[in-house]
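Engineer: This is input-v2.cif (mmCIF, C-alpha atoms).
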```cif
data_structure
#
loop_
_atom_site.label_atom_id
_atom_site.label_comp_id
_atom_site.auth_asym_id
_atom_site.auth_seq_id
_atom_site.Cartn_x
_atom_site.Cartn_y
_atom_site.Cartn_z
CA MET A 1 68.46 152.63 97.92
CA ILE A 2 68.98 149.88 95.36
CA THR A 3 71.19 146.87 96.00
CA ILE A 4 72.11 144.70 93.03
CA LYS A 5 73.17 141.27 94.29
CA ASN A 6 75.31 138.51 92.82
CA GLY A 7 75.68 139.96 89.34
CA ARG A 8 78.64 139.61 87.03
CA ILE A 9 79.90 143.19 87.03
CA LEU A 10 81.46 144.09 83.69
CA ASP A 11 83.11 147.49 83.90
CA PRO A 12 85.84 147.88 81.27
CA ALA A 13 86.67 151.41 82.43
CA ASN A 14 87.87 149.93 85.71
CA ASN A 15 88.85 146.51 84.32
CA ILE A 16 86.31 144.67 86.49
CA ASP A 17 84.88 141.30 85.49
CA GLU A 18 83.75 139.65 88.72
CA ILE A 19 80.69 138.45 90.64
CA LEU A 20 79.94 141.31 93.02
CA ASP A 21 77.19 143.39 94.60
CA LEU A 22 76.54 147.06 93.83
CA THR A 23 74.69 149.66 95.89
CA ILE A 24 72.99 152.83 94.65
CA GLU A 25 71.97 155.62 97.03
CA ASN A 26 70.51 158.99 96.10
CA GLY A 27 71.21 158.42 92.43
CA VAL A 28 74.90 157.62 92.94
CA ILE A 29 76.91 154.39 92.97
CA THR A 30 78.14 154.11 96.56
CA GLN A 31 79.55 150.60 96.99
CA ILE A 32 80.83 147.66 94.97
CA GLY A 33 81.90 144.54 96.78
CA LYS A 34 81.00 141.11 98.08
CA ASN A 35 78.11 140.39 100.45
CA LEU A 36 76.89 143.98 100.68
CA PRO A 37 73.95 144.45 103.08
CA GLU A 38 70.45 145.14 101.80
CA GLY A 39 69.32 146.89 104.99
CA LEU A 40 66.87 149.76 105.05
CA ARG A 41 67.78 153.11 106.44
CA THR A 42 65.23 155.08 108.40
CA GLY A 43 62.61 156.57 106.11
CA GLU A 44 64.31 155.23 102.99
CA LYS A 45 62.76 152.96 100.38
CA SER A 46 64.89 150.04 99.32
CA GLN A 47 64.90 147.50 96.54
CA ALA A 48 67.11 144.47 96.08
CA ILE A 49 67.66 143.02 92.61
CA ASN A 50 68.94 139.49 92.32
CA ALA A 51 71.24 139.62 89.29
CA GLU A 52 72.52 136.06 89.54
CA ASN A 53 73.62 134.79 86.09
CA MET A 54 73.20 138.30 84.72
CA TRP A 55 75.61 141.01 83.59
CA VAL A 56 75.67 144.32 85.49
CA VAL A 57 77.20 146.93 83.20
CA PRO A 58 77.49 150.70 82.94
CA GLY A 59 74.43 152.25 81.33
CA LEU A 60 74.76 151.73 77.58
CA ILE A 61 75.47 154.76 75.38
CA ASP A 62 74.20 155.01 71.80
CA MET A 63 75.98 157.84 70.02
CA HIS A 64 73.90 157.57 66.85
CA VAL A 65 70.11 157.91 67.18
CA HIS A 66 67.43 159.69 65.16
CA LEU A 67 64.65 160.89 67.45
CA ARG A 68 62.70 162.74 64.71
CA ASP A 69 61.60 165.53 67.07
CA PRO A 70 61.12 168.32 66.10
CA GLY A 71 59.33 167.84 62.82
CA TYR A 72 58.58 164.15 62.36
CA LYS A 73 56.67 163.10 65.46
CA HIS A 74 54.58 160.67 63.41
CA LYS A 75 57.78 158.58 63.18
CA GLU A 76 59.14 158.94 66.71
CA THR A 77 58.85 161.29 69.66
CA ILE A 78 61.34 162.05 72.39
CA LYS A 79 59.09 160.13 74.76
CA THR A 80 58.78 156.98 72.63
CA GLY A 81 62.40 157.13 71.47
CA THR A 82 63.73 157.31 75.01
CA GLN A 83 61.35 154.56 76.11
CA ALA A 84 62.73 152.39 73.29
CA ALA A 85 66.24 153.25 74.48
CA ALA A 86 65.44 152.24 78.06
CA LYS A 87 63.85 148.99 76.90
CA GLY A 88 66.99 148.29 74.90
CA GLY A 89 69.28 148.95 77.88
CA PHE A 90 70.51 152.41 76.85
CA THR A 91 70.73 155.16 79.45
CA THR A 92 72.25 157.83 77.18
CA ILE A 93 71.45 158.50 73.53
CA CYS A 94 72.79 161.13 71.14
CA ALA A 95 70.17 162.68 68.86
CA MET A 96 71.18 163.39 65.27
CA ALA A 97 70.52 166.77 63.69
CA ASN A 98 68.31 165.91 60.71
CA THR A 99 65.16 167.19 62.36
CA ASN A 100 62.74 169.82 61.00
CA PRO A 101 63.89 172.46 61.63
CA VAL A 102 67.43 171.15 61.51
CA THR A 103 69.37 171.25 64.77
CA ASP A 104 71.63 174.03 63.53
CA ASN A 105 71.22 176.66 66.27
CA GLU A 106 70.92 176.94 70.03
CA ILE A 107 67.12 177.38 69.95
CA VAL A 108 66.56 173.89 68.53
CA VAL A 109 69.20 172.44 70.87
CA GLU A 110 67.39 173.98 73.85
CA TYR A 111 64.04 172.67 72.56
CA ILE A 112 65.40 169.11 72.47
CA THR A 113 67.10 169.27 75.86
CA SER A 114 64.08 170.89 77.51
CA LYS A 115 61.65 168.38 76.04
CA ALA A 116 63.94 165.50 76.98
CA ARG A 117 63.93 166.69 80.60
CA LYS A 118 60.11 166.80 80.60
CA GLU A 119 59.22 163.72 78.56
CA GLY A 120 62.35 161.62 78.20
CA VAL A 121 63.27 158.73 80.45
CA VAL A 122 66.99 158.50 79.55
CA HIS A 123 69.69 161.11 79.03
CA VAL A 124 69.45 162.82 75.61
CA LEU A 125 72.45 164.65 74.16
CA PRO A 126 71.74 166.64 70.98
CA ILE A 127 74.14 166.61 68.03
CA GLY A 128 74.34 169.81 65.99
CA SER A 129 74.50 169.94 62.21
CA VAL A 130 77.68 170.90 60.40
CA THR A 131 75.89 173.30 58.03
CA LYS A 132 72.78 175.44 58.23
CA GLY A 133 69.74 173.47 57.18
CA MET A 134 72.12 170.61 56.31
CA ALA A 135 72.35 172.33 52.94
CA GLY A 136 76.13 172.10 52.71
CA GLN A 137 76.61 175.81 52.05
CA GLU A 138 77.19 177.70 55.31
CA LEU A 139 78.42 176.57 58.71
CA SER A 140 75.93 176.19 61.53
CA ALA A 141 76.27 178.23 64.73
CA ILE A 142 78.72 175.72 66.20
CA GLY A 143 79.88 177.86 69.14
CA GLU A 144 76.34 178.77 70.19
CA MET A 145 75.24 175.14 69.97
CA ALA A 146 78.27 174.07 72.00
CA ALA A 147 77.26 176.50 74.73
CA ALA A 148 73.70 175.10 74.60
CA GLY A 149 74.91 171.55 75.17
CA ILE A 150 75.58 169.62 71.95
CA CYS A 151 77.98 166.69 72.25
CA ALA A 152 79.18 166.60 68.63
CA ILE A 153 78.46 167.91 65.14
CA SER A 154 77.33 165.79 62.22
CA GLU A 155 75.55 165.97 58.88
CA ASP A 156 74.42 162.37 59.25
CA GLY A 157 72.24 161.32 56.39
CA LYS A 158 74.29 163.60 54.16
CA PHE A 159 77.90 163.92 53.09
CA VAL A 160 79.56 167.33 53.37
CA GLU A 161 80.68 167.55 49.76
CA ASN A 162 82.71 170.77 50.05
CA PRO A 163 86.09 169.74 51.54
CA ALA A 164 87.13 173.31 52.38
CA LEU A 165 83.91 173.85 54.31
CA LEU A 166 84.33 170.59 56.21
CA LYS A 167 87.92 171.42 57.11
CA THR A 168 86.74 174.77 58.50
CA ALA A 169 84.05 172.96 60.48
CA MET A 170 86.69 170.62 61.86
CA THR A 171 88.73 173.61 63.00
CA TYR A 172 85.73 175.09 64.81
CA ALA A 173 84.84 171.72 66.32
CA LYS A 174 88.36 171.42 67.69
CA MET A 175 88.02 174.87 69.34
CA PHE A 176 84.96 173.65 71.25
CA ASN A 177 86.35 170.14 71.90
CA LEU A 178 83.67 168.47 69.80
CA PRO A 179 84.14 165.44 67.57
CA ILE A 180 82.78 165.41 64.03
CA LEU A 181 80.61 162.39 63.25
CA SER A 182 80.90 161.79 59.52
CA HIS A 183 78.45 160.10 57.18
CA CYS A 184 80.82 158.85 54.51
CA GLU A 185 78.93 158.31 51.26
CA GLU A 186 79.89 160.32 48.20
CA PRO A 187 76.47 161.02 46.58
CA ARG A 188 77.93 161.59 43.14
CA ILE A 189 79.10 157.97 43.21
CA THR A 190 76.10 156.52 45.06
CA GLY A 191 73.74 158.20 42.60
CA SER A 192 70.31 156.59 42.60
CA GLY A 193 71.62 153.24 43.84
CA GLN A 194 69.43 151.20 46.18
CA ILE A 195 71.51 148.27 47.48
CA ALA A 196 75.11 147.10 47.23
CA ALA A 197 76.16 146.49 43.64
CA GLY A 198 76.51 142.91 42.45
CA ASN A 199 74.58 139.89 41.27
CA HIS A 200 71.88 140.22 43.92
CA ALA A 201 71.09 143.80 42.88
CA GLU A 202 70.85 142.66 39.28
CA ASN A 203 68.60 139.73 40.22
CA LEU A 204 66.25 142.04 42.11
CA GLY A 205 66.28 144.63 39.34
CA LEU A 206 67.66 147.34 41.66
CA LYS A 207 70.41 149.85 40.97
CA GLY A 208 73.66 148.99 42.71
CA ILE A 209 75.91 151.09 44.95
CA ILE A 210 79.62 150.43 44.52
CA PRO A 211 81.73 150.33 47.71
CA GLU A 212 83.93 153.18 46.47
CA SER A 213 81.13 155.60 47.38
CA GLU A 214 82.00 155.01 51.04
CA GLU A 215 85.69 154.28 50.75
CA MET A 216 86.60 157.48 48.90
CA ALA A 217 84.62 159.54 51.41
CA VAL A 218 86.34 157.89 54.37
CA ALA A 219 89.78 158.50 52.86
CA ARG A 220 88.99 162.17 52.14
CA ASP A 221 87.65 162.89 55.61
CA ILE A 222 90.67 161.27 57.23
CA ILE A 223 92.97 163.48 55.15
CA LEU A 224 91.03 166.58 56.26
CA ALA A 225 91.04 165.50 59.91
CA LYS A 226 94.80 165.04 59.76
CA ALA A 227 95.25 168.51 58.28
CA ALA A 228 92.91 170.15 60.81
CA LYS A 229 94.25 168.08 63.72
CA SER A 230 90.66 167.47 64.75
CA ARG A 231 88.77 164.44 66.07
CA LEU A 232 86.90 162.48 63.41
CA HIS A 233 84.42 159.68 64.06
CA ILE A 234 83.35 157.60 61.06
CA CYS A 235 79.70 156.55 61.31
CA HIS A 236 78.30 153.15 60.29
CA VAL A 237 81.38 151.70 58.58
CA SER A 238 80.41 148.95 56.15
CA THR A 239 83.28 148.05 53.78
CA GLN A 240 86.64 146.32 53.99
CA GLU A 241 88.47 149.15 52.25
CA SER A 242 87.06 151.73 54.68
CA LEU A 243 88.56 149.68 57.49
CA TYR A 244 91.90 149.71 55.70
CA HIS A 245 91.93 153.52 55.69
CA ILE A 246 90.80 153.75 59.33
CA ARG A 247 93.36 151.20 60.49
CA ASN A 248 96.17 153.04 58.69
CA ALA A 249 95.05 156.39 60.09
CA LYS A 250 95.11 155.05 63.63
CA ALA A 251 98.57 153.61 63.09
CA LYS A 252 99.75 157.08 62.06
CA GLY A 253 98.30 158.68 65.19
CA ILE A 254 95.44 160.50 63.46
CA ALA A 255 92.52 161.06 65.85
CA VAL A 256 90.04 158.81 64.06
CA THR A 257 87.47 156.53 65.63
CA ALA A 258 84.77 154.41 64.03
CA GLU A 259 81.48 152.67 64.68
CA VAL A 260 79.54 149.77 63.24
CA THR A 261 75.83 149.03 63.48
CA PRO A 262 74.35 145.67 64.47
CA HIS A 263 72.59 145.38 61.12
CA HIS A 264 75.86 145.78 59.22
CA PHE A 265 77.58 142.97 61.15
CA THR A 266 74.50 140.74 61.00
CA LEU A 267 72.97 141.03 57.52
CA CYS A 268 74.53 140.96 54.07
CA VAL A 269 73.16 142.06 50.72
CA GLU A 270 72.14 138.51 49.79
CA ASP A 271 69.72 138.52 52.76
CA ILE A 272 67.55 141.18 51.10
CA PRO A 273 64.28 139.63 49.90
CA PRO A 274 62.32 141.02 46.96
CA TYR A 275 60.17 144.07 47.67
CA ASP A 276 60.99 144.46 51.39
CA ALA A 277 62.21 148.02 51.96
CA ASN A 278 62.89 147.32 55.63
CA PHE A 279 66.25 146.11 54.30
CA LYS A 280 66.97 149.48 52.65
CA MET A 281 69.53 151.57 54.50
CA SER A 282 72.40 153.99 54.03
CA PRO A 283 75.09 152.77 53.71
CA PRO A 284 73.61 149.60 52.24
CA LEU A 285 74.09 146.09 53.48
CA ARG A 286 77.32 144.73 52.01
CA THR A 287 78.83 141.30 51.33
CA ALA A 288 79.60 138.38 53.62
CA ALA A 289 83.30 139.24 53.21
CA ASP A 290 82.59 142.74 54.47
CA ILE A 291 80.79 141.32 57.52
CA ALA A 292 83.81 139.13 58.29
CA ALA A 293 86.07 142.18 58.00
CA LEU A 294 83.84 144.22 60.31
CA LYS A 295 83.92 141.50 62.94
CA ALA A 296 87.70 141.28 62.68
CA ALA A 297 87.90 145.06 63.08
CA LEU A 298 85.79 144.85 66.23
CA GLN A 299 88.25 142.29 67.55
CA ASP A 300 91.41 144.26 66.82
CA GLY A 301 90.05 147.62 67.96
CA THR A 302 89.86 149.31 64.56
CA ILE A 303 86.16 149.75 65.29
CA ASP A 304 85.72 151.47 68.65
CA VAL A 305 81.94 151.66 69.01
CA ILE A 306 78.73 149.78 68.33
CA ALA A 307 75.93 152.25 67.57
CA THR A 308 72.43 151.58 66.31
CA ASP A 309 71.72 154.37 63.80
CA HIS A 310 68.15 154.04 65.10
CA ALA A 311 66.14 155.50 62.18
CA PRO A 312 62.37 155.25 62.70
CA HIS A 313 60.04 155.63 59.72
CA HIS A 314 56.28 155.53 59.37
CA ALA A 315 54.92 152.42 57.66
CA ASP A 316 54.06 154.47 54.56
CA ASP A 317 57.75 155.33 54.13
CA LYS A 318 58.58 151.64 53.76
CA ASN A 319 55.43 150.09 52.27
CA CYS A 320 56.19 151.35 48.79
CA GLU A 321 58.46 150.66 45.84
CA PHE A 322 61.98 149.88 47.04
CA GLU A 323 63.51 152.77 45.10
CA LEU A 324 61.06 155.25 46.66
CA ALA A 325 61.38 154.00 50.24
CA GLN A 326 63.24 155.89 52.96
CA ASN A 327 66.60 154.60 54.21
CA GLY A 328 67.04 153.24 57.72
CA ILE A 329 65.79 150.87 60.39
CA ILE A 330 65.10 151.04 64.10
CA GLY A 331 67.72 149.47 66.33
CA LEU A 332 67.57 150.51 69.98
CA GLU A 333 65.59 147.46 71.10
CA THR A 334 67.51 144.82 69.15
CA ALA A 335 71.15 145.89 69.64
CA ILE A 336 71.85 143.77 72.72
CA SER A 337 70.34 140.58 71.37
CA LEU A 338 71.96 140.88 67.95
CA SER A 339 75.34 141.62 69.55
CA ILE A 340 75.20 138.67 71.92
CA THR A 341 73.98 136.36 69.16
CA GLU A 342 76.44 137.49 66.50
CA LEU A 343 79.51 138.56 68.49
CA ILE A 344 79.62 136.99 71.94
CA GLU A 345 78.15 133.55 71.36
CA PRO A 346 80.65 132.91 68.50
CA LYS A 347 83.42 134.31 70.77
CA ILE A 348 84.32 137.16 68.43
CA LEU A 349 84.30 139.52 71.43
CA THR A 350 84.45 138.77 75.13
CA PRO A 351 81.60 140.24 77.18
CA LEU A 352 84.00 142.85 78.62
CA GLU A 353 85.24 143.84 75.15
CA TRP A 354 81.67 144.17 73.90
CA VAL A 355 80.58 146.29 76.86
CA ALA A 356 83.50 148.68 76.20
CA LYS A 357 82.16 149.43 72.73
CA LEU A 358 78.83 150.55 74.20
CA THR A 359 80.06 152.37 77.31
CA VAL A 360 83.56 153.65 78.00
CA ASN A 361 84.55 154.03 74.35
CA PRO A 362 81.66 156.27 73.26
CA ALA A 363 81.97 158.16 76.56
CA LYS A 364 85.62 158.93 75.78
CA ILE A 365 84.88 159.97 72.20
CA LEU A 366 82.13 162.32 73.34
CA GLY A 367 84.00 163.60 76.39
CA LEU A 368 81.41 162.30 78.88
CA ALA A 369 83.45 162.05 82.06
CA ASP A 370 80.41 161.14 84.19
CA LYS A 371 79.23 158.25 82.01
CA GLY A 372 80.48 154.93 80.72
CA SER A 373 81.67 153.36 83.99
CA LEU A 374 80.53 152.00 87.35
CA THR A 375 83.01 154.11 89.29
CA ILE A 376 81.99 154.72 92.90
CA GLY A 377 80.71 158.27 93.30
CA THR A 378 79.42 158.63 89.74
CA ASN A 379 75.82 158.92 88.60
CA ALA A 380 74.07 155.57 88.78
CA ASP A 381 73.39 154.72 85.14
CA VAL A 382 73.30 150.93 85.16
CA THR A 383 72.05 148.23 82.81
CA ILE A 384 71.39 144.63 83.85
CA ILE A 385 71.38 142.09 81.03
CA ASP A 386 70.30 138.47 80.95
CA PRO A 387 72.67 137.04 78.32
CA ASN A 388 70.96 133.64 78.29
CA VAL A 389 67.31 134.45 77.64
CA GLU A 390 66.22 133.34 74.18
CA TYR A 391 63.47 135.12 72.33
CA THR A 392 62.09 135.86 68.88
CA ILE A 393 62.05 139.49 67.77
CA ASP A 394 58.48 140.77 67.55
CA LYS A 395 57.92 144.31 66.30
CA ASN A 396 54.60 144.45 68.13
CA ASN A 397 56.50 144.47 71.41
CA PHE A 398 58.62 147.51 70.54
CA ALA A 399 58.28 150.71 72.53
CA SER A 400 59.42 152.67 69.49
CA LEU A 401 56.61 154.43 67.63
CA SER A 402 57.84 153.00 64.33
CA LYS A 403 58.30 149.32 63.57
CA ASN A 404 60.64 149.33 60.55
CA THR A 405 62.98 146.43 61.16
CA PRO A 406 64.24 143.58 58.98
CA PHE A 407 64.63 141.34 62.04
CA VAL A 408 61.01 140.30 62.59
CA GLY A 409 60.89 136.61 63.50
CA ARG A 410 64.64 136.34 64.08
CA LYS A 411 65.61 134.10 67.00
CA THR A 412 68.15 135.78 69.27
CA LYS A 413 69.72 135.55 72.68
CA GLY A 414 70.15 138.20 75.38
CA LYS A 415 68.01 141.08 76.61
CA ALA A 416 68.10 144.02 79.02
CA LEU A 417 65.98 143.31 82.11
CA TYR A 418 66.78 146.43 84.16
CA THR A 419 67.68 149.92 83.04
CA ILE A 420 68.55 152.36 85.83
CA VAL A 421 68.96 156.05 84.96
CA ALA A 422 70.47 158.36 87.60
CA GLY A 423 69.42 155.86 90.26
CA LYS A 424 65.83 155.52 88.99
CA ILE A 425 64.61 152.17 87.70
CA ILE A 426 63.04 152.72 84.26
CA LEU A 427 62.98 149.11 83.05
CA ASN A 428 62.05 146.64 85.78
CA ALA A 429 62.26 142.91 85.06
CA GLY A 430 61.87 143.66 81.36
CA GLU A 431 58.86 145.97 81.76
CA LEU A 432 58.88 149.72 81.34
CA ILE A 433 57.57 151.53 84.42
CA CYS A 434 57.71 155.04 83.04
#
```
Please render this file's structure as structure tokens.
Structural biologist:
Amino acid sequence: MITIKNGRILDPANNIDEILDLTIENGVITQIGKNLPEGLRTGEKSQAINAENMWVVPGLIDMHVHLRDPGYKHKETIKTGTQAAAKGGFTTICAMANTNPVTDNEIVVEYITSKARKEGVVHVLPIGSVTKGMAGQELSAIGEMAAAGICAISEDGKFVENPALLKTAMTYAKMFNLPILSHCEEPRITGSGQIAAGNHAENLGLKGIIPESEEMAVARDIILAKAAKSRLHICHVSTQESLYHIRNAKAKGIAVTAEVTPHHFTLCVEDIPPYDANFKMSPPLRTAADIAALKAALQDGTIDVIATDHAPHHADDKNCEFELAQNGIIGLETAISLSITELIEPKILTPLEWVAKLTVNPAKILGLADKGSLTIGTNADVTIIDPNVEYTIDKNNFASLSKNTPFVGRKTKGKALYTIVAGKIILNAGELIC
């Protein structure tokens, strides 16, 4: 039995924002109220957590994570990736399909789910690829993967260039009630670009990427989703014009949702120093005007979800020429602090609005009826956050196997202190106990 006392319960699914107690018994939330008893039952272990001045929220959900297993365990393993998730306050993560072999059939799906049960410390939901081998030629075994437990399909890291093939995939996804998570970057426009086009790219001597590479892809995928009457989720939105297309699609009733990453609402292209490939990502960091537009879209609901796009890489993949370096950064352990620092402290989002974008909203998009809320009777996935603790990001304290982050030395505010998964405490007073 776990009793969480005196915490500010933030549960947007049930519209709760109040100082209350919460009780967990046998892995299930059993009570929420004032002055709940902490008493022991016969033969039962009990723990009381004093959450005064802290936020008690549904276990955070990250619907965009690269775990690198199978195939790239020198970058991340299911064990280290889920430990990083727990340390960052996430109780459920969705694993992208660009593994080796690609997650394009039920055998790989079952490998991931089985290994996650044995080695993982949070819930892991695999995402299947749209095409076999992510080669863009032939559809993956979507129905078989759905039966094996995928939560979505995605070619993340790649753009499905063939529109007819993608529309067919959307039709199949609809049959199995799966959303498509779309990486919107047209490679024929991106070319060999490294960072967002403009003066800074020219000053650094790097090839620029024009925003149309994303915007045209977003517009095309929305058109296809409308035609197929399927659910489309746009990953890591980064430009103002992309938001224009998403906002218009929503106004027309098209089933489109969108996410933004903490790095895209925190850093702009001018923040990229010379020779540091930890700032290289796909899509690239954009302009200060784009950041302002992303924050406005979080406020008005155009952007539904905050997701990390956690992309671990070995040091050798980043300690090289910028143009040769791999795209992506890790993000599971910095998402809370960057969000509180960039969104809540400046009052861009209320705490309840922010929590929704990491809990009930991704749960709805993915069809996870048992996650994303603190409803009595549901599985006890709970995160307790101290929004006031100040700290400096130190990559040496990460649980993730890789350390590729541009945020080293950044002063931030807010951190997960307790992560409870199915009633089991995984992060206890900021320390992993798994």
Engineer: Nearest to A:Val305: which of A:Ile61, A:Ile420, A:Ala249, A:Val218 is it, counting all atoms listed in the file?
Structural biologist: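 Going through A:Ile61, A:Ile420, A:Ala249, A:Val218 one by one, the smallest distance to A:Val305 is for A:Ile61.
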Engineer: Write out as a list in words each polymer residue whose atoms come within 9 Å of A:His200, counting all atoms listed in the file; drop sequence neighbours fewer than 6 positions from it.
Structural biologist: Leu206, Val269, Glu270 and Ile272 of chain A
Engineer: Would you kindly return, as a PyMOL selection string, each protein, DNA or RNA residue with an atom no farther than 6 Å from any atom of stretch 366-378 of chain A, considering all atoms listed in the file and excluding same-chain residues fewer than 5 positions away?
Structural biologist: chain A and resi 13+28-30+58+359-360
Engineer: Given all atoms listed in the file as the basis, pick out the residue of A:Gly328, A:Pro346, A:Pro273, A:Pro163 nearest to A:Arg220.
Structural biologist: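 Checking each candidate against A:Arg220, we get A:Pro163 as the closest.
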Engineer: Can you pull out the residues contacting A:Glu323? Cut-off 10 Å, using only C-alpha atoms, and skip same-chain residues under 2 positions away; I want them as a compact mmCIF listing (two decimals) with C-alpha atoms, in the frame of the given file.
Structural biologist:
```txt
# COMPACT_ATOMS: atom_id res chain seq x y z
CA SER A 192 70.31 156.59 42.60
CA GLY A 193 71.62 153.24 43.84
CA GLN A 194 69.43 151.20 46.18
CA ILE A 195 71.51 148.27 47.48
CA LEU A 206 67.66 147.34 41.66
CA LYS A 207 70.41 149.85 40.97
CA TYR A 275 60.17 144.07 47.67
CA ALA A 277 62.21 148.02 51.96
CA LYS A 280 66.97 149.48 52.65
CA CYS A 320 56.19 151.35 48.79
CA GLU A 321 58.46 150.66 45.84
CA ALA A 325 61.38 154.00 50.24
CA GLN A 326 63.24 155.89 52.96
CA ASN A 327 66.60 154.60 54.21
```
